Structure formats: structure tokens, C-alpha cells
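Below: the structure, in C-alpha cells.
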Amino acid sequence: MLYPLLWMLSASLRPENEIFTSTSLWPSAISLDSYFRGWNGLRLGFGTFFINSFTIAILAIIGNLATCSLAAFAFARLEFWGRGFWFAMMLATLMLPYQVTLIPQYVLFHNLGWVNTFLPLVVPKFLAADGFFIFLMVQFFRGIPKELNEAAMMDGCSPWRIYWKILLPLSTPVLATAAIFTFIWTWDDFFGPLIYLSDIRTYTVMLGLRTFVDSSAQSDWGGLFAMSILSLLPIFLFFLFFQRLLIEGIATTGMKR
């Protein structure tokens, strides 16, 4: 499992002419030229792509945590007409492949004038569009004793205050789980930015990596491998810092406590 990553790291430190000619994982000479060339070799510095990816990922995390938790609170704690039906409809969205809704979404965003901006990648996150996280949070909220809600209502708390003051502080593990998965999926997303972003100034890291490979010209493999290594670091560090909360959130989802 680790061999491809080790090979990519080794290739990023080799001279360009040795990348595909040597089978050893240890380069004959360590060179950082690929990193300097990859970072500054395009029309824009690669840092611009990192900033774009971080911007989209952070906004996506904020949107998912805010709106999916609100929707989950409604399904788990509030009584309203058609709750079971709408919950089933939400689960049905998980069965739709992304390609099925791609064309209608593109037409909608094109008519709104949002193509070639970050809005198509960010705004749906603020509309509770990820049914997986709603379902995950519903299962977690259902594991929190309802007696807490009843006691808060007797003290005069509104549903909003119950959500903000009681459920959210107790839901740190599942919120961290949703944040980690949102960050990883948004950072690694290639298809969405490829469809909606055409200006290189708006490219994400994944689109930036694609620019190193050209079927009609010479490809910069050293720069590609070097920037690929750097693109893995944010995911690795994000997961490393929140690993405990991630495991706790998955392990306790749906458990009665």
C-alpha cells in the first residue's frame, strides 16, 4: 500500500532523466529542482491553487456543519408533518449518481452566471445537499437522551436554543467526522472543478496537477510528483490532528448512551 507513495516521493527527489529509468527507491542524487520547478513552473505559482483549494474546502466545511446539523436536528428531534417521507426522500438522494444531476445543475448554475466561480462548488454545501452527513448526524442525535430536551423545554428553552446549547456541544465527535470527510472529499475533488472552473486563476490543486501533463507536448513528471507530495500533506495533517475525534464519531454514531 505504501510503495506507490514511496516511489512518488523518490521520483520527486530524482533528476528528471532518472525518474523512469531506475527501479530503486533510493535516488542516486537527491535534488529539489522538481519542487522549485513545480511550484513556480506554471503561469501562476502553485500557491494560488493551494489557496483556492483551502478556500473551497473551508467554506464547504462551514456549510456542511451548519446546514446538515440543522437538518439532522429537525429529523431527529422535531415533530412536523411528513417527517418520515422527507427523511426517506433525503436518503433517496444518496442513491443518485453524481452524473445524473450534473447536467441539470450545470444548466442552473450557467443560467445564474455562476460558471467559472467557486459558487457552484460552495453554495450547495450551505443548502444541506450532502445527505450522507445528515444521516450520520441524525443517527448520532438519536443516541443523545431525549430527557435532556424535555428538561430544557421545561426550563423554557426554544428548539433553537436546545440545538445550540445542548446538542451541538455534545456532538463534537460527529461534527469532527463530518468536517474531516468534507475536507478530504472537497480537496480531492477533480470532476467538479473540472466542469465549473476554466480560468487558471480559479484552479484548485487537483486541476493544477493536471496541467503538468500534456498529451501534445512535453510533460513535467518531476514537477507533477513533487506537487503531488505537497498536495497530500494537508490531508495527512488534517486527519492526523483529528483522528481521535473521527474514530470516536464513527464508533458512537447510532449507539444508545
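Chain labels A, B, ... are given in the sequence in which chains occur in the C-alpha cells; within each chain residues are numbered consecutively from 1, and ligands are likewise numbered from 1 in the order shown.
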**Q.** All residues 7 Å or closer to segment 208-222 of chain A, only C-alpha atoms, same chain fewer than 6 positions away omitted, as an NGL selection string
**A.** :A and (11-12 or 16 or 34 or 49)
Name all residues at most 9 Å from segment 99-110 of chain A (count only C-alpha atoms; drop same-chain ones fewer than 4 positions away) and give them as a short mmCIF file (atom, residue, chain, number, x, y, z; two decimals) with C-alpha atoms, in the first residue's frame.
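Once everything was written out, this is selection.cif:
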```cif
data_model
loop_
_atom_site.label_atom_id
_atom_site.label_comp_id
_atom_site.auth_asym_id
_atom_site.auth_seq_id
_atom_site.Cartn_x
_atom_site.Cartn_y
_atom_site.Cartn_z
CA TRP A 114 -22.01 31.15 -11.60
CA VAL A 115 -19.87 29.12 -14.02
CA LEU A 119 -20.18 29.34 -6.11
CA PRO A 120 -21.28 26.03 -7.73
CA ILE A 195 -16.67 21.12 -15.00
CA TYR A 196 -17.15 24.57 -13.49
#
```
Q) Of the candidates A:Pro4, A:Gly47, A:Ala179, A:Asn149, which one gets nearest to Trp164 of chain A if we count only C-alpha atoms? A)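 The shortest atom-to-atom distance to Trp164 of chain A comes from A:Asn149.
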Q: Output as an MDAnalysis selection string all residues of segment 147-246 of chain A that backbone DSSP marks as helix (DSSP H, G or I).
A: chainID A and resid 147:154 159:170 172:188 191:196 200:202 205:210 221:246
Q: Could you please determine the separation between atom CA of Phe54 of chain A and atom CA of Asn40 of chain A in Å, to one decimal place?
A: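 These atoms are spaced 19.0 Å apart.
Comparing A:Pro15, A:Pro193, A:Pro27, A:Pro169 by their smallest distance to Ser69 of chain A, the closest is A:Pro169 (using only C-alpha atoms).
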**Q.** One-decimal distance in Å that lies between atom CA of Ala129 of chain A and atom CA of Phe190 of chain A
**A.** 18.5 Å
Q. Distance atom CA of Asn116 of chain A-atom CA of Val205 of chain A, one decimal place?
A. 15.6 Å
Q. Using only C-alpha atoms, which residues sit within 9 Å of segment 85-92 of chain A once same-chain residues fewer than 4 positions away are excluded, as a PyMOL selection string?
A. chain A and resi 75+81+96+131-132+134-135
Q) So, counting only C-alpha atoms, which residue among A:Leu148, A:Ala226, A:Ile200, A:Ile184 is closest to Ile19 of chain A? A)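 The answer is A:Ala226, which sits nearest to Ile19 of chain A.
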Q | All residues 9 Å or closer to segment 227-243 of chain A, only C-alpha atoms, same chain fewer than 6 positions away omitted, as a count of residues only | A | 20
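Take the candidates A:Val123, A:Leu112, A:Ile144, A:Leu70 and check each one against Ile56 of chain A using only C-alpha atoms; the shortest distance goes to A:Val123.
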Q) With only C-alpha atoms as the atoms that count, which of A:Ala128, A:Ile162, A:Leu32, A:Leu194 lies nearest to Ala66 of chain A? A) A:Ala128
